[in-house]
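Data from coords_18.cif: mmCIF, C-alpha atoms
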data_start
#
loop_
_atom_site.group_PDB
_atom_site.id
_atom_site.type_symbol
_atom_site.label_atom_id
_atom_site.label_comp_id
_atom_site.auth_asym_id
_atom_site.auth_seq_id
_atom_site.Cartn_x
_atom_site.Cartn_y
_atom_site.Cartn_z
ATOM 1 C CA MET T 206 127.187 -83.123 156.193
ATOM 2 C CA GLY T 207 126.190 -80.672 153.432
ATOM 3 C CA ALA T 208 128.550 -78.983 151.037
ATOM 4 C CA MET T 209 131.413 -76.918 152.350
ATOM 5 C CA SER T 210 133.986 -74.775 150.680
ATOM 6 C CA VAL T 211 137.206 -75.386 152.528
ATOM 7 C CA ARG T 212 140.635 -74.679 151.168
ATOM 8 C CA SER T 213 142.744 -77.793 151.072
ATOM 9 C CA GLN T 214 145.780 -77.592 153.321
ATOM 10 C CA SER T 215 147.844 -79.704 150.987
ATOM 11 C CA THR T 216 150.485 -78.023 148.849
ATOM 12 C CA GLU T 217 151.603 -81.049 146.824
ATOM 13 C CA PRO T 218 150.550 -81.232 143.190
ATOM 14 C CA SER T 219 147.636 -83.592 142.847
ATOM 15 C CA GLU T 220 148.415 -86.535 140.640
ATOM 16 C CA PRO T 221 145.638 -88.869 139.572
ATOM 17 C CA SER T 222 147.522 -91.763 141.168
ATOM 18 C CA LYS T 223 147.455 -90.062 144.584
ATOM 19 C CA ALA T 224 145.340 -91.758 147.224
ATOM 20 C CA VAL T 225 142.021 -90.139 148.055
ATOM 21 C CA HIS T 226 141.924 -87.875 151.087
ATOM 22 C CA ARG T 227 138.933 -88.236 153.393
ATOM 23 C CA ALA T 228 137.634 -86.007 156.144
ATOM 24 C CA GLY T 229 134.633 -86.322 158.380
ATOM 25 C CA PHE T 230 133.048 -86.587 161.777
ATOM 26 C CA ALA T 231 132.674 -89.497 164.168
ATOM 27 C CA CYS T 232 131.187 -89.779 167.606
ATOM 28 C CA PHE T 233 131.487 -92.451 170.246
ATOM 29 C CA VAL T 234 128.432 -93.451 172.218
ATOM 30 C CA GLY T 235 127.937 -95.896 175.029
ATOM 31 C CA ARG T 236 126.970 -96.158 178.662
ATOM 32 C CA PRO T 237 128.959 -94.123 181.164
ATOM 33 C CA ASN T 238 132.165 -95.992 181.862
ATOM 34 C CA ALA T 239 132.158 -97.832 178.536
ATOM 35 C CA GLY T 240 135.608 -96.375 177.841
ATOM 36 C CA LYS T 241 134.607 -93.568 175.444
ATOM 37 C CA SER T 242 136.952 -90.874 176.670
ATOM 38 C CA THR T 243 139.911 -93.222 177.120
ATOM 39 C CA LEU T 244 139.378 -94.290 173.537
ATOM 40 C CA THR T 245 139.143 -90.702 172.301
ATOM 41 C CA ASN T 246 142.369 -89.814 174.074
ATOM 42 C CA ALA T 247 144.130 -92.891 172.716
ATOM 43 C CA LEU T 248 142.999 -92.147 169.142
ATOM 44 C CA VAL T 249 143.904 -88.496 169.254
ATOM 45 C CA GLY T 250 147.161 -89.297 171.032
ATOM 46 C CA GLN T 251 149.457 -86.346 171.455
ATOM 47 C CA LYS T 252 147.831 -84.396 168.661
ATOM 48 C CA VAL T 253 144.909 -82.624 170.185
ATOM 49 C CA ALA T 254 144.086 -79.678 168.010
ATOM 50 C CA ILE T 255 140.842 -77.955 168.747
ATOM 51 C CA THR T 256 139.887 -74.932 166.686
ATOM 52 C CA ALA T 257 137.171 -72.389 167.246
ATOM 53 C CA ASN T 258 136.452 -71.450 163.645
ATOM 54 C CA GLN T 259 134.643 -74.699 163.069
ATOM 55 C CA PRO T 260 133.116 -75.444 159.690
ATOM 56 C CA GLN T 261 129.553 -74.210 159.769
ATOM 57 C CA THR T 262 128.191 -77.711 159.425
ATOM 58 C CA THR T 263 129.041 -78.751 162.944
ATOM 59 C CA ARG T 264 127.367 -77.324 166.005
ATOM 60 C CA HIS T 265 129.056 -79.866 168.191
ATOM 61 C CA THR T 266 131.876 -79.784 170.644
ATOM 62 C CA VAL T 267 134.975 -81.179 169.022
ATOM 63 C CA ARG T 268 136.791 -83.524 171.394
ATOM 64 C CA GLY T 269 139.814 -84.118 169.226
ATOM 65 C CA ILE T 270 141.123 -84.447 165.711
ATOM 66 C CA VAL T 271 143.075 -87.358 164.313
ATOM 67 C CA HIS T 272 145.379 -86.036 161.588
ATOM 68 C CA ARG T 273 146.618 -88.626 159.108
ATOM 69 C CA PRO T 274 148.282 -88.257 155.718
ATOM 70 C CA ASP T 275 145.210 -89.809 154.074
ATOM 71 C CA ALA T 276 142.468 -88.471 156.310
ATOM 72 C CA GLN T 277 141.256 -86.193 159.026
ATOM 73 C CA LEU T 278 138.931 -87.756 161.561
ATOM 74 C CA ILE T 279 137.106 -85.282 163.783
ATOM 75 C CA LEU T 280 135.693 -86.711 166.999
ATOM 76 C CA VAL T 281 132.665 -84.871 168.326
ATOM 77 C CA ASP T 282 130.991 -85.080 171.683
ATOM 78 C CA THR T 283 127.403 -86.014 172.254
ATOM 79 C CA PRO T 284 125.697 -85.666 175.593
ATOM 80 C CA GLY T 285 124.795 -89.071 177.007
ATOM 81 C CA LEU T 286 121.537 -90.549 175.805
ATOM 82 C CA HIS T 287 119.292 -91.689 178.623
ATOM 83 C CA LYS T 288 115.656 -92.316 179.422
ATOM 84 C CA PRO T 289 114.404 -88.750 179.789
ATOM 85 C CA ARG T 290 112.739 -87.798 183.067
ATOM 86 C CA THR T 291 112.553 -84.091 182.373
ATOM 87 C CA LEU T 292 112.028 -81.684 179.536
ATOM 88 C CA LEU T 293 115.754 -80.928 179.598
ATOM 89 C CA GLY T 294 116.380 -84.650 179.311
ATOM 90 C CA GLU T 295 114.159 -84.835 176.244
ATOM 91 C CA ARG T 296 115.924 -81.861 174.683
ATOM 92 C CA LEU T 297 119.293 -83.462 175.291
ATOM 93 C CA ASN T 298 118.091 -86.649 173.670
ATOM 94 C CA ASP T 299 116.947 -84.671 170.615
ATOM 95 C CA VAL T 300 120.419 -83.156 170.406
ATOM 96 C CA VAL T 301 121.899 -86.644 170.547
ATOM 97 C CA ARG T 302 119.697 -87.969 167.761
ATOM 98 C CA THR T 303 120.434 -84.944 165.591
ATOM 99 C CA THR T 304 124.161 -85.387 166.111
ATOM 100 C CA TRP T 305 123.967 -89.082 165.273
ATOM 101 C CA ALA T 306 122.167 -88.316 162.047
ATOM 102 C CA GLU T 307 124.752 -85.656 161.126
ATOM 103 C CA VAL T 308 128.039 -87.447 161.791
ATOM 104 C CA ASP T 309 129.615 -89.739 159.197
ATOM 105 C CA VAL T 310 130.133 -92.707 161.496
ATOM 106 C CA ILE T 311 129.083 -93.728 164.994
ATOM 107 C CA GLY T 312 131.242 -95.880 167.247
ATOM 108 C CA PHE T 313 129.197 -97.710 169.891
ATOM 109 C CA CYS T 314 131.448 -98.605 172.828
ATOM 110 C CA LEU T 315 130.680 -101.778 174.746
ATOM 111 C CA PRO T 316 133.064 -102.990 177.454
ATOM 112 C CA ALA T 317 134.310 -106.539 176.886
ATOM 113 C CA ASN T 318 134.111 -107.330 180.582
ATOM 114 C CA GLU T 319 130.384 -106.660 181.072
ATOM 115 C CA LYS T 320 127.431 -108.474 179.563
ATOM 116 C CA ILE T 321 125.197 -106.431 177.267
ATOM 117 C CA GLY T 322 122.670 -104.796 179.576
ATOM 118 C CA PRO T 323 119.442 -102.797 179.320
ATOM 119 C CA GLY T 324 121.395 -99.525 179.024
ATOM 120 C CA ASP T 325 123.236 -100.872 175.973
ATOM 121 C CA ARG T 326 119.994 -102.141 174.435
ATOM 122 C CA PHE T 327 118.367 -98.752 174.925
ATOM 123 C CA ILE T 328 121.191 -97.047 173.001
ATOM 124 C CA ALA T 329 121.334 -99.775 170.324
ATOM 125 C CA LYS T 330 117.604 -99.441 169.736
ATOM 126 C CA GLU T 331 117.998 -95.707 169.207
ATOM 127 C CA LEU T 332 120.918 -96.389 166.851
ATOM 128 C CA ALA T 333 118.731 -98.753 164.839
ATOM 129 C CA GLY T 334 116.460 -95.786 164.108
ATOM 130 C CA ILE T 335 119.329 -93.851 162.490
ATOM 131 C CA ARG T 336 119.349 -95.703 159.211
ATOM 132 C CA LYS T 337 121.868 -93.878 157.074
ATOM 133 C CA THR T 338 124.842 -93.484 159.437
ATOM 134 C CA PRO T 339 127.257 -96.452 159.465
ATOM 135 C CA LYS T 340 127.752 -97.918 162.935
ATOM 136 C CA ILE T 341 130.865 -99.599 164.275
ATOM 137 C CA ALA T 342 130.705 -101.625 167.475
ATOM 138 C CA VAL T 343 133.862 -100.967 169.482
ATOM 139 C CA VAL T 344 134.529 -103.564 172.147
ATOM 140 C CA THR T 345 136.608 -101.796 174.787
ATOM 141 C CA LYS T 346 138.662 -103.028 177.751
ATOM 142 C CA THR T 347 139.622 -106.257 175.950
ATOM 143 C CA ASP T 348 142.745 -106.468 178.122
ATOM 144 C CA LEU T 349 140.427 -107.409 181.013
ATOM 145 C CA VAL T 350 139.015 -110.642 179.534
ATOM 146 C CA ASP T 351 140.280 -113.919 178.045
ATOM 147 C CA SER T 352 139.759 -114.856 174.408
ATOM 148 C CA LYS T 353 136.745 -117.082 175.111
ATOM 149 C CA ALA T 354 134.833 -114.317 176.919
ATOM 150 C CA LEU T 355 135.795 -111.899 174.144
ATOM 151 C CA ALA T 356 134.500 -114.249 171.435
ATOM 152 C CA GLU T 357 131.184 -114.601 173.289
ATOM 153 C CA GLN T 358 130.852 -110.819 173.568
ATOM 154 C CA LEU T 359 131.553 -110.357 169.830
ATOM 155 C CA ILE T 360 128.848 -112.890 168.968
ATOM 156 C CA ALA T 361 126.393 -111.230 171.373
ATOM 157 C CA ILE T 362 127.025 -107.826 169.775
ATOM 158 C CA ASP T 363 126.574 -109.214 166.266
ATOM 159 C CA GLN T 364 123.311 -110.773 167.475
ATOM 160 C CA LEU T 365 122.150 -107.477 169.000
ATOM 161 C CA GLY T 366 122.408 -105.767 165.601
ATOM 162 C CA LYS T 367 120.510 -108.603 163.888
ATOM 163 C CA GLU T 368 117.721 -108.495 166.488
ATOM 164 C CA LEU T 369 117.272 -104.769 165.902
ATOM 165 C CA GLY T 370 117.424 -105.145 162.139
ATOM 166 C CA PHE T 371 120.747 -103.534 161.263
ATOM 167 C CA GLU T 372 124.226 -104.650 160.334
ATOM 168 C CA TRP T 373 127.344 -103.326 162.097
ATOM 169 C CA ALA T 374 129.798 -101.862 159.566
ATOM 170 C CA GLU T 375 132.546 -103.407 161.737
ATOM 171 C CA ILE T 376 132.935 -105.003 165.138
ATOM 172 C CA VAL T 377 136.352 -104.078 166.514
ATOM 173 C CA PRO T 378 137.896 -105.246 169.768
ATOM 174 C CA VAL T 379 140.273 -102.625 171.209
ATOM 175 C CA SER T 380 142.272 -102.056 174.290
ATOM 176 C CA ALA T 381 143.077 -98.355 174.579
ATOM 177 C CA VAL T 382 146.015 -99.532 176.682
ATOM 178 C CA GLY T 383 147.548 -101.167 173.582
ATOM 179 C CA ASP T 384 148.168 -98.922 170.577
ATOM 180 C CA LYS T 385 147.965 -101.580 167.865
ATOM 181 C CA GLN T 386 144.223 -101.994 167.928
ATOM 182 C CA VAL T 387 143.613 -98.290 168.344
ATOM 183 C CA SER T 388 145.319 -97.550 165.024
ATOM 184 C CA LEU T 389 143.368 -100.452 163.509
ATOM 185 C CA LEU T 390 140.186 -98.728 164.681
ATOM 186 C CA ALA T 391 141.293 -95.515 162.940
ATOM 187 C CA ASP T 392 141.994 -97.569 159.780
ATOM 188 C CA LEU T 393 138.426 -98.909 159.877
ATOM 189 C CA LEU T 394 136.799 -95.540 160.599
ATOM 190 C CA VAL T 395 138.591 -93.678 157.791
ATOM 191 C CA PRO T 396 137.029 -95.492 154.782
ATOM 192 C CA LEU T 397 133.587 -94.614 156.147
ATOM 193 C CA LEU T 398 134.321 -90.878 155.878
ATOM 194 C CA PRO T 399 133.437 -88.831 152.803
ATOM 195 C CA GLU T 400 136.177 -87.809 150.378
ATOM 196 C CA GLY T 401 137.398 -84.261 150.817
ATOM 197 C CA PRO T 402 140.181 -81.975 151.992
ATOM 198 C CA ALA T 403 141.085 -81.487 155.663
ATOM 199 C CA LEU T 404 138.493 -79.370 157.460
ATOM 200 C CA TYR T 405 140.888 -78.015 160.068
ATOM 201 C CA PRO T 406 144.466 -76.863 159.775
ATOM 202 C CA GLU T 407 146.918 -79.095 161.608
ATOM 203 C CA GLY T 408 146.755 -77.528 165.036
ATOM 204 C CA ASP T 409 149.599 -76.161 167.063
ATOM 205 C CA LEU T 410 149.779 -75.482 170.773
ATOM 206 C CA THR T 411 149.031 -71.794 170.604
ATOM 207 C CA ASP T 412 145.463 -72.196 169.401
ATOM 208 C CA GLU T 413 143.293 -69.687 171.208
ATOM 209 C CA PRO T 414 140.515 -72.246 171.777
ATOM 210 C CA GLU T 415 142.910 -74.531 173.633
ATOM 211 C CA GLN T 416 143.144 -71.726 176.154
ATOM 212 C CA VAL T 417 139.369 -71.724 176.353
ATOM 213 C CA MET T 418 139.320 -75.482 176.979
ATOM 214 C CA ILE T 419 142.063 -75.200 179.580
ATOM 215 C CA ALA T 420 140.154 -72.425 181.349
ATOM 216 C CA GLU T 421 137.081 -74.675 181.357
ATOM 217 C CA LEU T 422 139.026 -77.585 182.900
ATOM 218 C CA ILE T 423 140.348 -75.310 185.650
ATOM 219 C CA ARG T 424 136.871 -73.886 186.266
ATOM 220 C CA GLU T 425 135.351 -77.373 186.521
ATOM 221 C CA ALA T 426 138.006 -78.449 189.000
ATOM 222 C CA ALA T 427 137.518 -75.239 191.017
ATOM 223 C CA LEU T 428 133.743 -75.707 191.210
ATOM 224 C CA GLU T 429 133.958 -79.320 192.293
ATOM 225 C CA GLY T 430 132.851 -79.636 195.886
ATOM 226 C CA VAL T 431 131.858 -75.960 196.232
ATOM 227 C CA ARG T 432 129.061 -75.780 193.671
ATOM 228 C CA ASP T 433 126.473 -75.108 196.370
ATOM 229 C CA GLU T 434 128.414 -72.202 197.802
ATOM 230 C CA LEU T 435 129.454 -70.697 194.456
ATOM 231 C CA PRO T 436 127.121 -72.008 191.789
ATOM 232 C CA HIS T 437 128.446 -69.917 188.879
ATOM 233 C CA SER T 438 130.599 -67.231 190.295
ATOM 234 C CA ILE T 439 133.966 -68.435 189.098
ATOM 235 C CA ALA T 440 135.394 -67.361 185.787
ATOM 236 C CA VAL T 441 138.819 -68.442 184.615
ATOM 237 C CA VAL T 442 141.075 -66.617 182.212
ATOM 238 C CA VAL T 443 144.264 -68.184 180.889
ATOM 239 C CA GLU T 444 146.571 -65.178 180.791
ATOM 240 C CA GLU T 445 149.448 -66.867 179.008
ATOM 241 C CA MET T 446 150.805 -70.188 177.783
ATOM 242 C CA LEU T 447 154.506 -70.237 177.021
ATOM 243 C CA PRO T 448 156.967 -73.061 176.473
ATOM 244 C CA ARG T 449 159.603 -72.859 179.245
ATOM 245 C CA PRO T 450 162.826 -71.639 177.631
ATOM 246 C CA ASP T 451 166.125 -73.586 177.931
ATOM 247 C CA ARG T 452 164.370 -76.964 178.078
ATOM 248 C CA PRO T 453 165.789 -79.849 176.009
ATOM 249 C CA ALA T 454 163.540 -80.775 173.066
ATOM 250 C CA ASP T 455 162.638 -84.153 174.570
ATOM 251 C CA LYS T 456 161.656 -82.636 177.936
ATOM 252 C CA PRO T 457 159.424 -79.676 177.128
ATOM 253 C CA LEU T 458 157.451 -77.848 179.794
ATOM 254 C CA LEU T 459 154.570 -75.499 179.140
ATOM 255 C CA ASP T 460 154.041 -72.669 181.648
ATOM 256 C CA ILE T 461 150.370 -71.759 182.019
ATOM 257 C CA HIS T 462 149.357 -68.733 184.080
ATOM 258 C CA ALA T 463 145.661 -68.490 184.871
ATOM 259 C CA ASN T 464 143.472 -66.281 187.028
ATOM 260 C CA LEU T 465 140.335 -67.449 188.791
ATOM 261 C CA PHE T 466 137.924 -64.543 189.142
ATOM 262 C CA ILE T 467 135.276 -64.496 191.831
ATOM 263 C CA GLU T 468 132.661 -61.830 192.531
ATOM 264 C CA ARG T 469 133.229 -61.041 196.192
ATOM 265 C CA PRO T 470 136.180 -61.047 198.572
ATOM 266 C CA SER T 471 134.232 -63.361 200.913
ATOM 267 C CA GLN T 472 134.379 -66.105 198.253
ATOM 268 C CA LYS T 473 138.154 -66.059 198.157
ATOM 269 C CA GLY T 474 138.478 -68.216 201.256
ATOM 270 C CA ILE T 475 136.099 -70.801 199.821
ATOM 271 C CA VAL T 476 138.129 -71.216 196.626
ATOM 272 C CA ILE T 477 141.533 -71.156 198.293
ATOM 273 C CA GLY T 478 140.530 -73.328 201.257
ATOM 274 C CA PRO T 479 142.297 -73.640 204.624
ATOM 275 C CA GLN T 480 146.064 -73.162 204.160
ATOM 276 C CA GLY T 481 145.504 -72.968 200.408
ATOM 277 C CA LYS T 482 144.631 -76.653 200.333
ATOM 278 C CA ARG T 483 141.653 -76.427 197.953
ATOM 279 C CA LEU T 484 143.443 -74.290 195.410
ATOM 280 C CA LYS T 485 146.337 -76.728 195.467
ATOM 281 C CA GLU T 486 143.938 -79.636 194.780
ATOM 282 C CA VAL T 487 142.337 -77.645 191.961
ATOM 283 C CA GLY T 488 145.807 -77.117 190.499
ATOM 284 C CA ILE T 489 146.775 -80.791 190.714
ATOM 285 C CA LYS T 490 143.507 -82.051 189.263
ATOM 286 C CA SER T 491 143.288 -79.597 186.372
ATOM 287 C CA ARG T 492 146.997 -79.927 185.575
ATOM 288 C CA LYS T 493 146.574 -83.675 185.014
ATOM 289 C CA GLN T 494 143.655 -83.059 182.658
ATOM 290 C CA ILE T 495 145.463 -80.269 180.805
ATOM 291 C CA GLU T 496 148.487 -82.529 180.324
ATOM 292 C CA ALA T 497 146.224 -85.254 178.951
ATOM 293 C CA LEU T 498 144.616 -82.716 176.607
ATOM 294 C CA LEU T 499 147.861 -81.231 175.314
ATOM 295 C CA GLY T 500 150.066 -84.294 175.569
ATOM 296 C CA THR T 501 152.837 -82.266 177.183
ATOM 297 C CA PRO T 502 154.005 -81.620 180.788
ATOM 298 C CA VAL T 503 152.586 -78.424 182.255
ATOM 299 C CA PHE T 504 153.494 -76.052 185.063
ATOM 300 C CA LEU T 505 150.265 -74.426 186.214
ATOM 301 C CA ASP T 506 150.300 -71.135 188.087
ATOM 302 C CA LEU T 507 146.877 -70.193 189.542
ATOM 303 C CA HIS T 508 145.836 -66.933 191.200
ATOM 304 C CA VAL T 509 142.472 -66.025 192.709
ATOM 305 C CA LYS T 510 141.274 -62.477 192.075
ATOM 306 C CA VAL T 511 138.102 -60.541 192.809
ATOM 307 C CA ALA T 512 136.241 -59.055 189.813
ATOM 308 C CA LYS T 513 133.329 -57.239 191.406
ATOM 309 C CA ASP T 514 129.937 -58.587 190.298
ATOM 310 C CA TRP T 515 131.340 -59.882 187.019
ATOM 311 C CA GLN T 516 128.165 -61.776 186.187
ATOM 312 C CA ARG T 517 126.222 -58.549 185.834
ATOM 313 C CA ASP T 518 128.841 -56.405 184.125
ATOM 314 C CA PRO T 519 128.861 -56.734 180.320
ATOM 315 C CA LYS T 520 132.391 -55.355 180.047
ATOM 316 C CA GLN T 521 133.756 -57.836 182.568
ATOM 317 C CA LEU T 522 131.791 -60.658 180.967
ATOM 318 C CA ARG T 523 133.348 -59.936 177.592
ATOM 319 C CA ARG T 524 136.801 -59.865 179.107
ATOM 320 C CA LEU T 525 136.113 -63.169 180.832
ATOM 321 C CA GLY T 526 135.039 -64.744 177.563
ATOM 322 C CA PHE T 527 131.242 -64.932 178.035
#

Could you quickly redo this structure as structure tokens?
Amino acid sequence: MGAMSVRSQSTEPSEPSKAVHRAGFACFVGRPNAGKSTLTNALVGQKVAITANQPQTTRHTVRGIVHRPDAQLILVDTPGLHKPRTLLGERLNDVVRTTWAEVDVIGFCLPANEKIGPGDRFIAKELAGIRKTPKIAVVTKTDLVDSKALAEQLIAIDQLGKELGFEWAEIVPVSAVGDKQVSLLADLLVPLLPEGPALYPEGDLTDEPEQVMIAELIREAALEGVRDELPHSIAVVVEEMLPRPDRPADKPLLDIHANLFIERPSQKGIVIGPQGKRLKEVGIKSRKQIEALLGTPVFLDLHVKVAKDWQRDPKQLRRLGF
């Protein structure tokens, strides 16, 4: 990953007997539906801390950070690798290969309940070309098969590596539904990371970039189904995020107030929908995703406002975070 000067977060005196601290980057790859995001969410658990001031060595979107006393595991996103049909496709694939060569460990997700197919082989073949990065095969959805089918899948995966001339650092069956194996996976990923201090401070809920991610989730939900009518003309600004006062500690609620900006009054009806139905759906959908991201119940308050021609106005664009 290259050298970095990062202040260690730890305040304890360092004794020689203290265990080594490791920190590094991992990414999960696999066909769509191989269980990558479920796995990410299970690993990161309630502690999603995303920070904007990323170390200069990563140009990648951070999906989540696993904070442990002995390590910090940073999960980064890669766009899906596929057979390119277009120039954009080829560019995306280059990005993928670069990311794979830059992370410290790659987890290849293969569902236990589906035979290894051409899509998996295509990815595995690409992985074989990345010599230096250790690769873990993560067998997902193990709760859906019996032990015999699982054993056959493990053998097939081992075989796949041999055929392509590389050795898996580990082959780990997990069910993201059951926590035990997920923490085992973290235990196996950590030793493959380089030694070093934490790269990110332990995040708290008021991180500015979380607001950016939340705004993005709301924007995605708002564009769904109306992309043709409003290709880009929705911007979302999270105005405030505050814990609801007078809530018991075990039942917190986070109030999030956000504005959806559109360019013209005529677009308001499209976003809000008949009897406010669309906006309500946008609220329900994005609230679920925000709760999954933050690991806490959320009350989401959405308002649609007109910001005249915001796409062409530099001042508006800055205010809207572009």

Checklist entry - Written as an MDAnalysis selection string, which residues does the PyMOL selection byres ((chain T and resi 277) around 10) give for the file shown? => result chainID T and resid 226:230 270:276 278:280 395 398 401:407

Item to check | Test item: residues at most 12 Å from Asn238 in chain T, only C-alpha atoms, excluding those fewer than 2 positions along its chain, as a list in words | outcome: Val234, Gly235, Arg236, Gly240, Lys241, Ser242, Thr243, Leu244, Gly285, Cys314, Leu315, Pro316, Ala317, Asn318, Glu319, Gly324, Asp325, Thr345 and Lys346 of chain T

For those residues, write C-alpha atoms to a file as a PDB file, in the coordinates of the input.
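Written file, out_8.pdb:
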ATOM      1  CA  VAL T 234     128.432 -93.451 172.218  1.00  0.00           C
ATOM      2  CA  GLY T 235     127.937 -95.896 175.029  1.00  0.00           C
ATOM      3  CA  ARG T 236     126.970 -96.158 178.662  1.00  0.00           C
ATOM      4  CA  GLY T 240     135.608 -96.375 177.841  1.00  0.00           C
ATOM      5  CA  LYS T 241     134.607 -93.568 175.444  1.00  0.00           C
ATOM      6  CA  SER T 242     136.952 -90.874 176.670  1.00  0.00           C
ATOM      7  CA  THR T 243     139.911 -93.222 177.120  1.00  0.00           C
ATOM      8  CA  LEU T 244     139.378 -94.290 173.537  1.00  0.00           C
ATOM      9  CA  GLY T 285     124.795 -89.071 177.007  1.00  0.00           C
ATOM     10  CA  CYS T 314     131.448 -98.605 172.828  1.00  0.00           C
ATOM     11  CA  LEU T 315     130.680-101.778 174.746  1.00  0.00           C
ATOM     12  CA  PRO T 316     133.064-102.990 177.454  1.00  0.00           C
ATOM     13  CA  ALA T 317     134.310-106.539 176.886  1.00  0.00           C
ATOM     14  CA  ASN T 318     134.111-107.330 180.582  1.00  0.00           C
ATOM     15  CA  GLU T 319     130.384-106.660 181.072  1.00  0.00           C
ATOM     16  CA  GLY T 324     121.395 -99.525 179.024  1.00  0.00           C
ATOM     17  CA  ASP T 325     123.236-100.872 175.973  1.00  0.00           C
ATOM     18  CA  THR T 345     136.608-101.796 174.787  1.00  0.00           C
ATOM     19  CA  LYS T 346     138.662-103.028 177.751  1.00  0.00           C
TER      20      LYS T 346
END

Item to check | Expected selection from the PyMOL selection byres ((chain T and resi 232) around 8), given as a PyMOL selection string | outcome: chain T and resi 230-231+233-234+280-283+305+308+310-312

May I have the residues from that selection written out with C-alpha atoms, as an mmCIF file, in the coordinates of the input?
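Generated output (result.cif):
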data_model
loop_
_atom_site.group_PDB
_atom_site.id
_atom_site.type_symbol
_atom_site.label_atom_id
_atom_site.label_comp_id
_atom_site.auth_asym_id
_atom_site.auth_seq_id
_atom_site.Cartn_x
_atom_site.Cartn_y
_atom_site.Cartn_z
ATOM 1 C CA PHE T 230 133.048 -86.587 161.777
ATOM 2 C CA ALA T 231 132.674 -89.497 164.168
ATOM 3 C CA PHE T 233 131.487 -92.451 170.246
ATOM 4 C CA VAL T 234 128.432 -93.451 172.218
ATOM 5 C CA LEU T 280 135.693 -86.711 166.999
ATOM 6 C CA VAL T 281 132.665 -84.871 168.326
ATOM 7 C CA ASP T 282 130.991 -85.080 171.683
ATOM 8 C CA THR T 283 127.403 -86.014 172.254
ATOM 9 C CA TRP T 305 123.967 -89.082 165.273
ATOM 10 C CA VAL T 308 128.039 -87.447 161.791
ATOM 11 C CA VAL T 310 130.133 -92.707 161.496
ATOM 12 C CA ILE T 311 129.083 -93.728 164.994
ATOM 13 C CA GLY T 312 131.242 -95.880 167.247
#

Checklist entry - What is the CA of Leu507 in chain T to CA of Ile423 in chain T distance in Å? => result 9.2 Å

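Note that the spacing between CA of Thr245 in chain T and CA of Val387 in chain T amounts to 9.7 Å.
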
Item to check | Computed interatomic separation between CA of Met446 in chain T and CA of Gln494 in chain T (Å) | outcome: 15.5 Å

Next on the checklist: Please list, as a count of residues only, the residues that have an atom at most 8 Å away from (143.1, -80.7, 177.9) in the coordinates of this file, counting all atoms listed in the file.
Outcome noted: 10

Checklist entry - Could you list as a PyMOL selection string every residue that has an atom within 9 Å of (138.6, -61.0, 198.2), using the file's coordinates and counting all atoms listed in the file? => result chain T and resi 467-474+509-512

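Taking only C-alpha atoms into account, Val344 in chain T lies nearest to T:Leu390 out of the set T:Leu297, T:Leu390, T:Val442, T:Leu458.
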
Next on the checklist: Using the chain letters and numbers from this file, what does the PyMOL selection byres ((chain T and resi 464) around 12) select? Give the answer as a ChimeraX atom specification.
Outcome noted: /T:419-421,423-424,427,439-445,461-463,465-467,484,488,505-512,525

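You can rank T:Ala342, T:Leu394, T:Ile475, T:Leu459 by their closest distance to Ile328 in chain T using all atoms listed in the file, and at the top of that list sits T:Ala342.
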
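Residue nearest Asp514 in chain T, chosen from T:Ile376, T:Gly370, T:Thr347, T:Ser438 and counting only C-alpha atoms: T:Ser438.
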
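Comparing the minimum interatomic distances between Gly430 in chain T and each of T:Pro450, T:Pro457, T:Gly478, T:Pro323, counting all atoms listed in the file, we find that T:Gly478 sits nearest.
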
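Distance check against Phe371 in chain T using only C-alpha atoms: of T:Ala239, T:Ala454, T:Ile341, T:Leu293, the minimum falls on T:Ile341.
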